[in-house]
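**Student:** Take a look at query.txt, compact mmCIF, N, CA and C atoms:
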# COMPACT_ATOMS: atom_id res chain seq x y z
N MET H 954 -2.78 -5.46 5.04
CA MET H 954 -2.11 -6.29 4.06
C MET H 954 -1.61 -7.59 4.68
N LYS H 955 -1.24 -7.53 5.96
CA LYS H 955 -0.60 -8.71 6.56
C LYS H 955 -1.55 -9.89 6.73
N THR H 956 -2.85 -9.66 6.67
CA THR H 956 -3.79 -10.77 6.84
C THR H 956 -4.24 -11.37 5.50
N LEU H 957 -3.73 -10.85 4.40
CA LEU H 957 -4.14 -11.35 3.09
C LEU H 957 -3.53 -12.72 2.81
N PRO H 958 -4.28 -13.59 2.17
CA PRO H 958 -3.75 -14.90 1.79
C PRO H 958 -2.49 -14.74 0.93
N GLY H 959 -1.44 -15.46 1.26
CA GLY H 959 -0.21 -15.43 0.49
C GLY H 959 0.80 -14.38 0.92
N VAL H 960 0.39 -13.46 1.80
CA VAL H 960 1.33 -12.44 2.28
C VAL H 960 2.16 -13.05 3.40
N VAL H 961 3.47 -12.93 3.26
CA VAL H 961 4.42 -13.51 4.21
C VAL H 961 4.77 -12.52 5.31
N SER H 962 5.00 -11.25 4.94
CA SER H 962 5.33 -10.24 5.94
C SER H 962 5.00 -8.85 5.41
N THR H 963 4.82 -7.92 6.35
CA THR H 963 4.57 -6.53 5.99
C THR H 963 5.37 -5.63 6.93
N GLU H 964 5.62 -4.41 6.44
CA GLU H 964 6.34 -3.43 7.24
C GLU H 964 5.93 -2.04 6.77
N ALA H 965 5.58 -1.17 7.71
CA ALA H 965 5.26 0.21 7.36
C ALA H 965 6.54 0.92 6.95
N GLY H 966 6.42 1.72 5.89
CA GLY H 966 7.62 2.40 5.42
C GLY H 966 7.30 3.61 4.57
N ARG H 967 8.36 4.09 3.94
CA ARG H 967 8.28 5.25 3.06
C ARG H 967 8.95 4.89 1.74
N ALA H 968 8.25 5.13 0.67
CA ALA H 968 8.77 4.77 -0.66
C ALA H 968 9.18 6.01 -1.45
N ASN H 969 10.31 5.90 -2.11
CA ASN H 969 10.78 6.85 -3.12
C ASN H 969 10.96 8.28 -2.63
N GLY H 970 11.37 8.42 -1.39
CA GLY H 970 11.79 9.73 -0.91
C GLY H 970 13.24 9.96 -1.31
N SER H 971 13.80 11.07 -0.89
CA SER H 971 15.18 11.39 -1.28
C SER H 971 16.18 11.16 -0.15
N THR H 972 15.71 10.86 1.06
CA THR H 972 16.63 10.62 2.17
C THR H 972 16.51 9.17 2.62
N TYR H 973 17.41 8.78 3.49
CA TYR H 973 17.47 7.39 3.93
C TYR H 973 17.18 7.24 5.41
N ASN H 974 16.40 8.20 5.96
CA ASN H 974 15.99 8.11 7.35
C ASN H 974 14.64 8.80 7.51
N THR H 975 14.07 8.71 8.69
CA THR H 975 12.74 9.27 8.92
C THR H 975 12.78 10.64 9.60
N SER H 976 13.96 11.15 9.86
CA SER H 976 14.05 12.47 10.49
C SER H 976 14.13 13.55 9.43
N GLY H 977 13.75 14.74 9.79
CA GLY H 977 13.85 15.85 8.86
C GLY H 977 12.53 16.15 8.17
N GLU H 978 12.60 17.06 7.25
CA GLU H 978 11.44 17.53 6.50
C GLU H 978 10.93 16.46 5.54
N TYR H 979 9.71 16.66 5.07
CA TYR H 979 9.13 15.77 4.06
C TYR H 979 10.02 15.79 2.82
N ASP H 980 10.36 14.62 2.31
CA ASP H 980 11.31 14.52 1.20
C ASP H 980 10.73 13.90 -0.07
N GLY H 981 9.40 13.93 -0.20
CA GLY H 981 8.76 13.40 -1.40
C GLY H 981 8.30 11.96 -1.32
N TYR H 982 8.48 11.32 -0.19
CA TYR H 982 8.11 9.91 -0.07
C TYR H 982 6.60 9.72 -0.11
N ALA H 983 6.21 8.47 -0.35
CA ALA H 983 4.81 8.04 -0.21
C ALA H 983 4.78 7.05 0.95
N GLU H 984 3.84 7.24 1.86
CA GLU H 984 3.69 6.24 2.92
C GLU H 984 3.28 4.93 2.26
N CYS H 985 3.85 3.83 2.75
CA CYS H 985 3.60 2.56 2.08
C CYS H 985 3.63 1.40 3.07
N VAL H 986 3.26 0.25 2.56
CA VAL H 986 3.39 -1.00 3.29
C VAL H 986 4.24 -1.91 2.42
N CYS H 987 5.46 -2.18 2.88
CA CYS H 987 6.34 -3.11 2.16
C CYS H 987 5.74 -4.50 2.37
N THR H 988 5.41 -5.15 1.28
CA THR H 988 4.68 -6.42 1.34
C THR H 988 5.49 -7.53 0.67
N GLN H 989 5.88 -8.51 1.45
CA GLN H 989 6.54 -9.70 0.92
C GLN H 989 5.46 -10.76 0.77
N PHE H 990 5.44 -11.41 -0.40
CA PHE H 990 4.40 -12.42 -0.62
C PHE H 990 4.98 -13.65 -1.29
N ASP H 991 4.26 -14.74 -1.15
CA ASP H 991 4.63 -16.02 -1.75
C ASP H 991 3.93 -16.11 -3.11
N PRO H 992 4.68 -16.00 -4.21
CA PRO H 992 4.05 -16.01 -5.54
C PRO H 992 3.41 -17.35 -5.91
N THR H 993 3.70 -18.40 -5.14
CA THR H 993 3.01 -19.68 -5.39
C THR H 993 1.65 -19.71 -4.69
N ALA H 994 1.43 -18.75 -3.78
CA ALA H 994 0.17 -18.71 -3.04
C ALA H 994 -0.74 -17.57 -3.49
N VAL H 995 -0.18 -16.51 -4.03
CA VAL H 995 -0.97 -15.36 -4.46
C VAL H 995 -0.24 -14.67 -5.62
N SER H 996 -1.00 -14.26 -6.63
CA SER H 996 -0.40 -13.57 -7.77
C SER H 996 -0.42 -12.07 -7.56
N VAL H 997 0.34 -11.37 -8.34
CA VAL H 997 0.32 -9.90 -8.31
C VAL H 997 -1.09 -9.41 -8.62
N GLU H 998 -1.74 -10.03 -9.57
CA GLU H 998 -3.10 -9.63 -9.93
C GLU H 998 -4.08 -9.83 -8.76
N GLN H 999 -3.93 -10.93 -8.04
CA GLN H 999 -4.78 -11.16 -6.87
C GLN H 999 -4.51 -10.11 -5.79
N LEU H 1000 -3.24 -9.77 -5.61
CA LEU H 1000 -2.91 -8.72 -4.65
C LEU H 1000 -3.54 -7.40 -5.07
N MET H 1001 -3.57 -7.14 -6.36
CA MET H 1001 -4.21 -5.91 -6.85
C MET H 1001 -5.71 -5.94 -6.57
N ASP H 1002 -6.34 -7.10 -6.74
CA ASP H 1002 -7.76 -7.21 -6.39
C ASP H 1002 -7.98 -6.84 -4.93
N TYR H 1003 -7.13 -7.35 -4.05
CA TYR H 1003 -7.22 -7.03 -2.63
C TYR H 1003 -6.99 -5.54 -2.39
N PHE H 1004 -5.98 -5.00 -3.07
CA PHE H 1004 -5.62 -3.58 -2.93
C PHE H 1004 -6.82 -2.69 -3.27
N PHE H 1005 -7.54 -3.05 -4.32
CA PHE H 1005 -8.70 -2.26 -4.73
C PHE H 1005 -9.86 -2.34 -3.73
N GLU H 1006 -9.83 -3.32 -2.84
CA GLU H 1006 -10.84 -3.40 -1.79
C GLU H 1006 -10.61 -2.34 -0.72
N ILE H 1007 -9.37 -1.86 -0.56
CA ILE H 1007 -9.05 -0.98 0.56
C ILE H 1007 -8.70 0.45 0.18
N ILE H 1008 -8.62 0.74 -1.12
CA ILE H 1008 -8.26 2.11 -1.53
C ILE H 1008 -9.40 2.75 -2.30
N ASP H 1009 -9.31 4.06 -2.41
CA ASP H 1009 -10.13 4.80 -3.36
C ASP H 1009 -9.23 5.03 -4.56
N PRO H 1010 -9.43 4.28 -5.63
CA PRO H 1010 -8.50 4.34 -6.77
C PRO H 1010 -8.55 5.65 -7.55
N TYR H 1011 -9.53 6.49 -7.27
CA TYR H 1011 -9.69 7.73 -8.04
C TYR H 1011 -9.15 8.96 -7.30
N SER H 1012 -8.83 8.81 -6.03
CA SER H 1012 -8.38 9.98 -5.27
C SER H 1012 -6.92 10.31 -5.59
N VAL H 1013 -6.62 11.58 -5.57
CA VAL H 1013 -5.27 12.05 -5.82
C VAL H 1013 -4.73 12.64 -4.52
N ASN H 1014 -3.61 12.11 -4.08
CA ASN H 1014 -2.96 12.60 -2.85
C ASN H 1014 -3.89 12.56 -1.65
N LYS H 1015 -4.66 11.46 -1.55
CA LYS H 1015 -5.62 11.35 -0.45
C LYS H 1015 -6.10 9.91 -0.32
N GLN H 1016 -6.20 9.46 0.92
CA GLN H 1016 -6.90 8.22 1.26
C GLN H 1016 -7.63 8.49 2.56
N GLY H 1017 -8.94 8.37 2.56
CA GLY H 1017 -9.73 8.67 3.74
C GLY H 1017 -9.53 10.12 4.15
N GLU H 1018 -9.28 10.33 5.44
CA GLU H 1018 -9.06 11.68 5.96
C GLU H 1018 -7.62 12.15 5.79
N ASP H 1019 -6.74 11.27 5.35
CA ASP H 1019 -5.33 11.62 5.17
C ASP H 1019 -5.15 12.30 3.82
N VAL H 1020 -4.66 13.55 3.86
CA VAL H 1020 -4.53 14.35 2.65
C VAL H 1020 -3.11 14.87 2.53
N GLY H 1021 -2.56 14.81 1.33
CA GLY H 1021 -1.22 15.33 1.06
C GLY H 1021 -0.48 14.40 0.13
N GLU H 1022 0.59 14.89 -0.44
CA GLU H 1022 1.36 14.12 -1.42
C GLU H 1022 1.83 12.77 -0.87
N LYS H 1023 2.17 12.73 0.42
CA LYS H 1023 2.67 11.47 0.98
C LYS H 1023 1.58 10.40 1.09
N TYR H 1024 0.32 10.80 0.86
CA TYR H 1024 -0.80 9.85 0.89
C TYR H 1024 -1.26 9.47 -0.51
N ARG H 1025 -0.45 9.75 -1.52
CA ARG H 1025 -0.80 9.34 -2.88
C ARG H 1025 -0.81 7.82 -2.94
N THR H 1026 -1.56 7.30 -3.88
CA THR H 1026 -1.68 5.86 -4.02
C THR H 1026 -0.71 5.38 -5.09
N GLY H 1027 0.07 4.38 -4.74
CA GLY H 1027 1.05 3.88 -5.70
C GLY H 1027 1.44 2.45 -5.44
N ILE H 1028 2.02 1.88 -6.45
CA ILE H 1028 2.62 0.55 -6.38
C ILE H 1028 4.08 0.74 -6.77
N TYR H 1029 4.98 0.30 -5.91
CA TYR H 1029 6.41 0.47 -6.14
C TYR H 1029 7.08 -0.89 -5.96
N SER H 1030 7.98 -1.23 -6.84
CA SER H 1030 8.65 -2.52 -6.74
C SER H 1030 10.04 -2.45 -7.35
N LYS H 1031 10.92 -3.27 -6.82
CA LYS H 1031 12.26 -3.43 -7.41
C LYS H 1031 12.21 -4.45 -8.53
N ASN H 1032 11.12 -5.20 -8.61
CA ASN H 1032 10.97 -6.25 -9.61
C ASN H 1032 10.22 -5.69 -10.82
N PRO H 1033 10.89 -5.50 -11.95
CA PRO H 1033 10.22 -4.93 -13.13
C PRO H 1033 9.03 -5.75 -13.61
N LYS H 1034 9.07 -7.06 -13.42
CA LYS H 1034 7.94 -7.91 -13.82
C LYS H 1034 6.68 -7.53 -13.05
N HIS H 1035 6.83 -7.24 -11.76
CA HIS H 1035 5.67 -6.82 -10.96
C HIS H 1035 5.05 -5.55 -11.53
N LEU H 1036 5.88 -4.61 -11.93
CA LEU H 1036 5.39 -3.34 -12.46
C LEU H 1036 4.65 -3.54 -13.78
N VAL H 1037 5.14 -4.45 -14.61
CA VAL H 1037 4.46 -4.76 -15.88
C VAL H 1037 3.10 -5.39 -15.59
N LEU H 1038 3.06 -6.33 -14.66
CA LEU H 1038 1.80 -6.99 -14.33
C LEU H 1038 0.79 -5.99 -13.75
N VAL H 1039 1.25 -5.09 -12.90
CA VAL H 1039 0.37 -4.08 -12.33
C VAL H 1039 -0.14 -3.14 -13.41
N THR H 1040 0.73 -2.70 -14.29
CA THR H 1040 0.33 -1.80 -15.37
C THR H 1040 -0.71 -2.47 -16.27
N CYS H 1041 -0.50 -3.72 -16.61
CA CYS H 1041 -1.48 -4.46 -17.43
C CYS H 1041 -2.80 -4.60 -16.70
N TYR H 1042 -2.74 -4.89 -15.42
CA TYR H 1042 -3.95 -5.01 -14.60
C TYR H 1042 -4.74 -3.70 -14.65
N LEU H 1043 -4.06 -2.60 -14.42
CA LEU H 1043 -4.73 -1.29 -14.40
C LEU H 1043 -5.29 -0.93 -15.78
N GLN H 1044 -4.54 -1.19 -16.83
CA GLN H 1044 -4.98 -0.85 -18.18
C GLN H 1044 -6.18 -1.68 -18.61
N ALA H 1045 -6.34 -2.87 -18.05
CA ALA H 1045 -7.45 -3.76 -18.42
C ALA H 1045 -8.76 -3.38 -17.72
N ARG H 1046 -8.69 -2.50 -16.74
CA ARG H 1046 -9.90 -2.10 -16.02
C ARG H 1046 -10.76 -1.19 -16.89
N GLU H 1047 -12.07 -1.34 -16.76
CA GLU H 1047 -13.00 -0.49 -17.51
C GLU H 1047 -12.87 0.98 -17.13
N ASP H 1048 -12.42 1.23 -15.90
CA ASP H 1048 -12.27 2.60 -15.41
C ASP H 1048 -10.82 3.08 -15.45
N ALA H 1049 -10.00 2.46 -16.28
CA ALA H 1049 -8.57 2.76 -16.32
C ALA H 1049 -8.27 4.25 -16.48
N ASP H 1050 -9.10 4.95 -17.23
CA ASP H 1050 -8.86 6.37 -17.47
C ASP H 1050 -9.09 7.23 -16.22
N LYS H 1051 -9.74 6.68 -15.20
CA LYS H 1051 -10.02 7.43 -13.97
C LYS H 1051 -9.09 7.06 -12.82
N VAL H 1052 -8.41 5.92 -12.93
CA VAL H 1052 -7.58 5.42 -11.84
C VAL H 1052 -6.35 6.30 -11.66
N ALA H 1053 -6.12 6.71 -10.40
CA ALA H 1053 -5.01 7.61 -10.06
C ALA H 1053 -3.99 6.88 -9.19
N ILE H 1054 -3.39 5.85 -9.73
CA ILE H 1054 -2.39 5.07 -9.01
C ILE H 1054 -1.08 5.15 -9.78
N GLU H 1055 -0.03 5.65 -9.12
CA GLU H 1055 1.25 5.69 -9.80
C GLU H 1055 1.93 4.32 -9.68
N VAL H 1056 2.59 3.92 -10.74
CA VAL H 1056 3.30 2.65 -10.79
C VAL H 1056 4.74 2.98 -11.17
N LEU H 1057 5.65 2.77 -10.20
CA LEU H 1057 7.04 3.19 -10.40
C LEU H 1057 8.01 2.18 -9.79
N PRO H 1058 9.23 2.15 -10.33
CA PRO H 1058 10.26 1.34 -9.66
C PRO H 1058 10.49 1.88 -8.25
N LEU H 1059 10.77 1.00 -7.33
CA LEU H 1059 11.12 1.41 -5.97
C LEU H 1059 12.58 1.84 -5.98
N SER H 1060 12.80 3.13 -5.85
CA SER H 1060 14.16 3.66 -5.89
C SER H 1060 14.74 3.86 -4.49
N ASN H 1061 13.89 3.96 -3.50
CA ASN H 1061 14.34 4.18 -2.14
C ASN H 1061 13.25 3.70 -1.19
N TYR H 1062 13.64 2.94 -0.21
CA TYR H 1062 12.70 2.49 0.83
C TYR H 1062 13.32 2.73 2.19
N VAL H 1063 12.54 3.31 3.08
CA VAL H 1063 12.96 3.54 4.45
C VAL H 1063 11.88 2.97 5.37
N LYS H 1064 12.28 2.12 6.30
CA LYS H 1064 11.34 1.58 7.28
C LYS H 1064 10.84 2.72 8.16
N SER H 1065 9.54 2.75 8.41
CA SER H 1065 8.97 3.74 9.33
C SER H 1065 9.42 3.44 10.75
N ASP H 1066 9.35 4.44 11.60
CA ASP H 1066 9.73 4.27 13.00
C ASP H 1066 8.88 3.19 13.65
N ASP H 1067 9.40 2.60 14.72
CA ASP H 1067 8.74 1.48 15.40
C ASP H 1067 7.30 1.78 15.80
N GLU H 1068 7.01 3.02 16.19
CA GLU H 1068 5.65 3.36 16.63
C GLU H 1068 4.62 3.21 15.52
N HIS H 1069 5.07 3.12 14.27
CA HIS H 1069 4.16 2.97 13.13
C HIS H 1069 4.01 1.51 12.69
N GLN H 1070 4.82 0.63 13.23
CA GLN H 1070 4.74 -0.79 12.87
C GLN H 1070 3.58 -1.44 13.62
N ASP H 1071 2.77 -2.19 12.89
CA ASP H 1071 1.61 -2.89 13.48
C ASP H 1071 0.75 -1.93 14.31
N ARG H 1072 0.57 -0.75 13.79
CA ARG H 1072 -0.11 0.34 14.51
C ARG H 1072 -1.51 -0.07 15.00
N LEU H 1073 -2.30 -0.68 14.14
CA LEU H 1073 -3.67 -1.02 14.54
C LEU H 1073 -3.73 -2.23 15.47
N THR H 1074 -2.71 -3.06 15.45
CA THR H 1074 -2.65 -4.16 16.42
C THR H 1074 -2.37 -3.59 17.81
N LEU H 1075 -1.45 -2.64 17.87
CA LEU H 1075 -1.09 -2.02 19.14
C LEU H 1075 -2.12 -1.01 19.63
N HIS H 1076 -2.78 -0.35 18.69
CA HIS H 1076 -3.76 0.70 19.02
C HIS H 1076 -5.01 0.48 18.16
N PRO H 1077 -5.82 -0.51 18.50
CA PRO H 1077 -6.94 -0.90 17.64
C PRO H 1077 -7.99 0.19 17.41
N ASN H 1078 -8.03 1.21 18.23
CA ASN H 1078 -9.02 2.27 18.05
C ASN H 1078 -8.47 3.47 17.29
N ASP H 1079 -7.23 3.39 16.82
CA ASP H 1079 -6.67 4.49 16.01
C ASP H 1079 -7.44 4.63 14.71
N TYR H 1080 -7.33 5.81 14.13
CA TYR H 1080 -8.00 6.07 12.85
C TYR H 1080 -7.40 5.21 11.74
N CYS H 1081 -8.27 4.68 10.92
CA CYS H 1081 -7.89 3.99 9.69
C CYS H 1081 -9.02 4.21 8.69
N HIS H 1082 -8.66 4.55 7.46
CA HIS H 1082 -9.70 4.81 6.45
C HIS H 1082 -10.39 3.54 5.97
N ILE H 1083 -9.83 2.39 6.31
CA ILE H 1083 -10.40 1.12 5.87
C ILE H 1083 -11.41 0.64 6.91
N PRO H 1084 -12.66 0.38 6.51
CA PRO H 1084 -13.64 -0.15 7.47
C PRO H 1084 -13.15 -1.47 8.07
N LYS H 1085 -13.39 -1.68 9.35
CA LYS H 1085 -12.87 -2.86 10.04
C LYS H 1085 -13.33 -4.17 9.41
N ASN H 1086 -14.55 -4.21 8.88
CA ASN H 1086 -15.01 -5.46 8.27
C ASN H 1086 -14.18 -5.81 7.03
N ILE H 1087 -13.65 -4.82 6.36
CA ILE H 1087 -12.77 -5.07 5.21
C ILE H 1087 -11.33 -5.27 5.69
N LEU H 1088 -10.92 -4.49 6.67
CA LEU H 1088 -9.57 -4.57 7.20
C LEU H 1088 -9.23 -5.98 7.67
N TYR H 1089 -10.18 -6.63 8.32
CA TYR H 1089 -9.94 -7.97 8.89
C TYR H 1089 -10.65 -9.08 8.12
N LYS H 1090 -11.07 -8.79 6.92
CA LYS H 1090 -11.85 -9.72 6.10
C LYS H 1090 -11.15 -11.07 5.92
N TYR H 1091 -9.83 -11.08 5.76
CA TYR H 1091 -9.10 -12.31 5.46
C TYR H 1091 -8.32 -12.84 6.65
N LYS H 1092 -8.51 -12.28 7.81
CA LYS H 1092 -7.71 -12.60 8.99
C LYS H 1092 -7.73 -14.07 9.34
N ASP H 1093 -8.87 -14.70 9.30
CA ASP H 1093 -8.99 -16.08 9.77
C ASP H 1093 -8.99 -17.12 8.66
N GLU H 1094 -8.63 -16.70 7.47
CA GLU H 1094 -8.62 -17.67 6.35
C GLU H 1094 -7.32 -18.43 6.30
Please go through the file and, once you have read it, give me the structure as structure tokens.
**Tutor:**
Amino acid sequence: MKTLPGVVSTEAGRANGSTYNTSGEYDGYAECVCTQFDPTAVSVEQLMDYFFEIIDPYSVNKQGEDVGEKYRTGIYSKNPKHLVLVTCYLQAREDADKVAIEVLPLSNYVKSDDEHQDRLTLHPNDYCHIPKNILYKYKDE
């Protein structure tokens, strides 16, 4: 996400869990990338276009080899306008009835531990479900 046009910053985190730290048992969170963007440079709809390049929109609780509830696909925001735009975007798709993306207000966000920040920059050979040609597609733009 950090190499996308208009993205200002990213941070690995956990969305909508019930605790406010990363220790302890799984608490219902979804692994996420907190994405700050410049709305004058990229729209929510454009970000959704990019998002669809890197996810399997039909999978439930799974992306690539990562399986489980914490790997569900979702869009979470504190900004209600973003959620409306995302919902309209999804409903306008021809395959809307097959798309398995939850769209919810962000009720809780916890930053992931430091070892998860910029993981592929620090460990370029680590597993990632996104093919490298897509992962770095916008890096030099």
**Student:** Would you pick out the contacts of Asp1002 in chain H at 12 Å or less, using only C-alpha atoms, so that residues sharing its chain but fewer than 5 positions from it are not included, and give the list as an MDAnalysis selection string?
**Tutor:** chainID H and resid 954 957:958 995:997 1007:1008 1010 1039 1042:1043 1046
**Student:** Quick check, in Å to one decimal: how far apart do atom N of Leu1038 in chain H and atom N of Phe990 in chain H lie?
**Tutor:**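 Interatomic distance here is 15.3 Å.
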**Student:** Would you work out the distance separating CA of His1069 in chain H from CA of Ile1087 in chain H, expressed in Å to one decimal?
**Tutor:**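 Computed distance, CA of His1069 in chain H to CA of Ile1087 in chain H, equals 20.3 Å.
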**Student:** I need the strand (DSSP E or B) residues of chain H per DSSP on the backbone, written as a count of residues only.
**Tutor:** 32
**Student:** Please identify which residues in chain H DSSP calls alpha helix (DSSP H) from the backbone, and express them as a PyMOL selection string.
**Tutor:** chain H and resi 997-1007+1033-1045+1072-1075+1085-1088
**Student:** Excluding range 963-967 of chain H and residues on its chain fewer than 4 positions from it, collect all residues at most 6.5 Å away from it, counting all atoms listed in the file, and give them as a PyMOL selection string.
**Tutor:** chain H and resi 954-955+982-989+1061-1066+1069-1071
**Student:** Could you please determine the separation between atom N of Tyr1029 in chain H and atom C of Asn969 in chain H in Å, to one decimal place?
**Tutor:**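 Atom-to-atom, atom N of Tyr1029 in chain H and atom C of Asn969 in chain H are spaced 10.5 Å apart.
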**Student:** Report, as lines of an AutoDock Vina configuration file, the centre and edge lengths in Å (one decimal) of the axis-aligned box enclosing every listed atom of range 1031-1049 of chain H, padded by 8 Å on each side.
**Tutor:**
center_x = -0.4
center_y = -1.8
center_z = -12.7
size_x = 41.3
size_y = 28.2
size_z = 27.8
**Student:** Excluding same-chain residues fewer than 2 positions from Leu1036 in chain H, what lies within 12 Å of it counting only C-alpha atoms, as a VMD selection string?
**Tutor:** chain H and resid 997 to 998 1001 1027 to 1034 1038 to 1043 1054 to 1059
**Student:** Using only C-alpha atoms, can you tell me which of H:Gly977, H:Gly970, H:Phe1004, H:Ala994 comes closest to Ile1083 in chain H?
**Tutor:**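 Closest residue, counting only C-alpha atoms: H:Phe1004.
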**Student:** Could you complete range 996-1004 of chain H so that it carries all heavy atoms, and give it back as a PDB file, keeping the file's coordinate frame?
**Tutor:**
ATOM      1  N   SER H 996      -1.000 -14.260  -6.630  1.00  0.00           N
ATOM      2  CA  SER H 996      -0.400 -13.570  -7.770  1.00  0.00           C
ATOM      3  C   SER H 996      -0.420 -12.070  -7.560  1.00  0.00           C
ATOM      4  O   SER H 996      -1.154 -11.550  -6.703  1.00  0.00           O
ATOM      5  CB  SER H 996      -1.172 -13.919  -9.051  1.00  0.00           C
ATOM      6  OG  SER H 996      -2.465 -13.334  -9.001  1.00  0.00           O
ATOM      7  N   VAL H 997       0.340 -11.370  -8.340  1.00  0.00           N
ATOM      8  CA  VAL H 997       0.320  -9.900  -8.310  1.00  0.00           C
ATOM      9  C   VAL H 997      -1.090  -9.410  -8.620  1.00  0.00           C
ATOM     10  O   VAL H 997      -1.602  -8.490  -7.966  1.00  0.00           O
ATOM     11  CB  VAL H 997       1.348  -9.313  -9.296  1.00  0.00           C
ATOM     12  CG1 VAL H 997       1.168  -7.821  -9.464  1.00  0.00           C
ATOM     13  CG2 VAL H 997       2.767  -9.633  -8.833  1.00  0.00           C
ATOM     14  N   GLU H 998      -1.740 -10.030  -9.570  1.00  0.00           N
ATOM     15  CA  GLU H 998      -3.100  -9.630  -9.930  1.00  0.00           C
ATOM     16  C   GLU H 998      -4.080  -9.830  -8.760  1.00  0.00           C
ATOM     17  O   GLU H 998      -4.943  -8.989  -8.527  1.00  0.00           O
ATOM     18  CB  GLU H 998      -3.592 -10.395 -11.167  1.00  0.00           C
ATOM     19  CG  GLU H 998      -2.830 -10.066 -12.430  1.00  0.00           C
ATOM     20  CD  GLU H 998      -1.532 -10.860 -12.618  1.00  0.00           C
ATOM     21  OE1 GLU H 998      -1.156 -11.647 -11.721  1.00  0.00           O
ATOM     22  OE2 GLU H 998      -0.872 -10.688 -13.650  1.00  0.00           O
ATOM     23  N   GLN H 999      -3.930 -10.930  -8.040  1.00  0.00           N
ATOM     24  CA  GLN H 999      -4.780 -11.160  -6.870  1.00  0.00           C
ATOM     25  C   GLN H 999      -4.510 -10.110  -5.790  1.00  0.00           C
ATOM     26  O   GLN H 999      -5.433  -9.612  -5.160  1.00  0.00           O
ATOM     27  CB  GLN H 999      -4.564 -12.567  -6.303  1.00  0.00           C
ATOM     28  CG  GLN H 999      -5.160 -13.653  -7.167  1.00  0.00           C
ATOM     29  CD  GLN H 999      -4.717 -15.032  -6.709  1.00  0.00           C
ATOM     30  OE1 GLN H 999      -3.530 -15.280  -6.515  1.00  0.00           O
ATOM     31  NE2 GLN H 999      -5.692 -15.917  -6.531  1.00  0.00           N
ATOM     32  N   LEU H1000      -3.240  -9.770  -5.610  1.00  0.00           N
ATOM     33  CA  LEU H1000      -2.910  -8.720  -4.650  1.00  0.00           C
ATOM     34  C   LEU H1000      -3.540  -7.400  -5.070  1.00  0.00           C
ATOM     35  O   LEU H1000      -4.006  -6.624  -4.233  1.00  0.00           O
ATOM     36  CB  LEU H1000      -1.391  -8.568  -4.499  1.00  0.00           C
ATOM     37  CG  LEU H1000      -0.686  -9.663  -3.709  1.00  0.00           C
ATOM     38  CD1 LEU H1000       0.830  -9.469  -3.769  1.00  0.00           C
ATOM     39  CD2 LEU H1000      -1.162  -9.703  -2.268  1.00  0.00           C
ATOM     40  N   MET H1001      -3.570  -7.140  -6.360  1.00  0.00           N
ATOM     41  CA  MET H1001      -4.210  -5.910  -6.850  1.00  0.00           C
ATOM     42  C   MET H1001      -5.710  -5.940  -6.570  1.00  0.00           C
ATOM     43  O   MET H1001      -6.288  -4.915  -6.209  1.00  0.00           O
ATOM     44  CB  MET H1001      -3.928  -5.714  -8.341  1.00  0.00           C
ATOM     45  CG  MET H1001      -2.483  -5.342  -8.661  1.00  0.00           C
ATOM     46  SD  MET H1001      -1.948  -3.813  -7.866  1.00  0.00           S
ATOM     47  CE  MET H1001      -3.021  -2.625  -8.654  1.00  0.00           C
ATOM     48  N   ASP H1002      -6.340  -7.100  -6.740  1.00  0.00           N
ATOM     49  CA  ASP H1002      -7.760  -7.210  -6.390  1.00  0.00           C
ATOM     50  C   ASP H1002      -7.980  -6.840  -4.930  1.00  0.00           C
ATOM     51  O   ASP H1002      -8.895  -6.080  -4.596  1.00  0.00           O
ATOM     52  CB  ASP H1002      -8.278  -8.636  -6.628  1.00  0.00           C
ATOM     53  CG  ASP H1002      -8.436  -8.993  -8.097  1.00  0.00           C
ATOM     54  OD1 ASP H1002      -8.509  -8.083  -8.948  1.00  0.00           O
ATOM     55  OD2 ASP H1002      -8.490 -10.208  -8.389  1.00  0.00           O
ATOM     56  N   TYR H1003      -7.130  -7.350  -4.050  1.00  0.00           N
ATOM     57  CA  TYR H1003      -7.220  -7.030  -2.630  1.00  0.00           C
ATOM     58  C   TYR H1003      -6.990  -5.540  -2.390  1.00  0.00           C
ATOM     59  O   TYR H1003      -7.688  -4.894  -1.619  1.00  0.00           O
ATOM     60  CB  TYR H1003      -6.202  -7.822  -1.805  1.00  0.00           C
ATOM     61  CG  TYR H1003      -6.375  -9.316  -1.818  1.00  0.00           C
ATOM     62  CD1 TYR H1003      -5.280 -10.158  -1.909  1.00  0.00           C
ATOM     63  CD2 TYR H1003      -7.636  -9.915  -1.711  1.00  0.00           C
ATOM     64  CE1 TYR H1003      -5.413 -11.538  -1.900  1.00  0.00           C
ATOM     65  CE2 TYR H1003      -7.781 -11.290  -1.702  1.00  0.00           C
ATOM     66  CZ  TYR H1003      -6.659 -12.099  -1.800  1.00  0.00           C
ATOM     67  OH  TYR H1003      -6.810 -13.456  -1.789  1.00  0.00           O
ATOM     68  N   PHE H1004      -5.980  -5.000  -3.070  1.00  0.00           N
ATOM     69  CA  PHE H1004      -5.620  -3.580  -2.930  1.00  0.00           C
ATOM     70  C   PHE H1004      -6.820  -2.690  -3.270  1.00  0.00           C
ATOM     71  O   PHE H1004      -7.104  -1.718  -2.567  1.00  0.00           O
ATOM     72  CB  PHE H1004      -4.433  -3.289  -3.859  1.00  0.00           C
ATOM     73  CG  PHE H1004      -3.798  -1.947  -3.702  1.00  0.00           C
ATOM     74  CD1 PHE H1004      -3.278  -1.530  -2.483  1.00  0.00           C
ATOM     75  CD2 PHE H1004      -3.670  -1.107  -4.787  1.00  0.00           C
ATOM     76  CE1 PHE H1004      -2.664  -0.293  -2.353  1.00  0.00           C
ATOM     77  CE2 PHE H1004      -3.057   0.134  -4.671  1.00  0.00           C
ATOM     78  CZ  PHE H1004      -2.550   0.538  -3.449  1.00  0.00           C
TER      79      PHE H1004
END
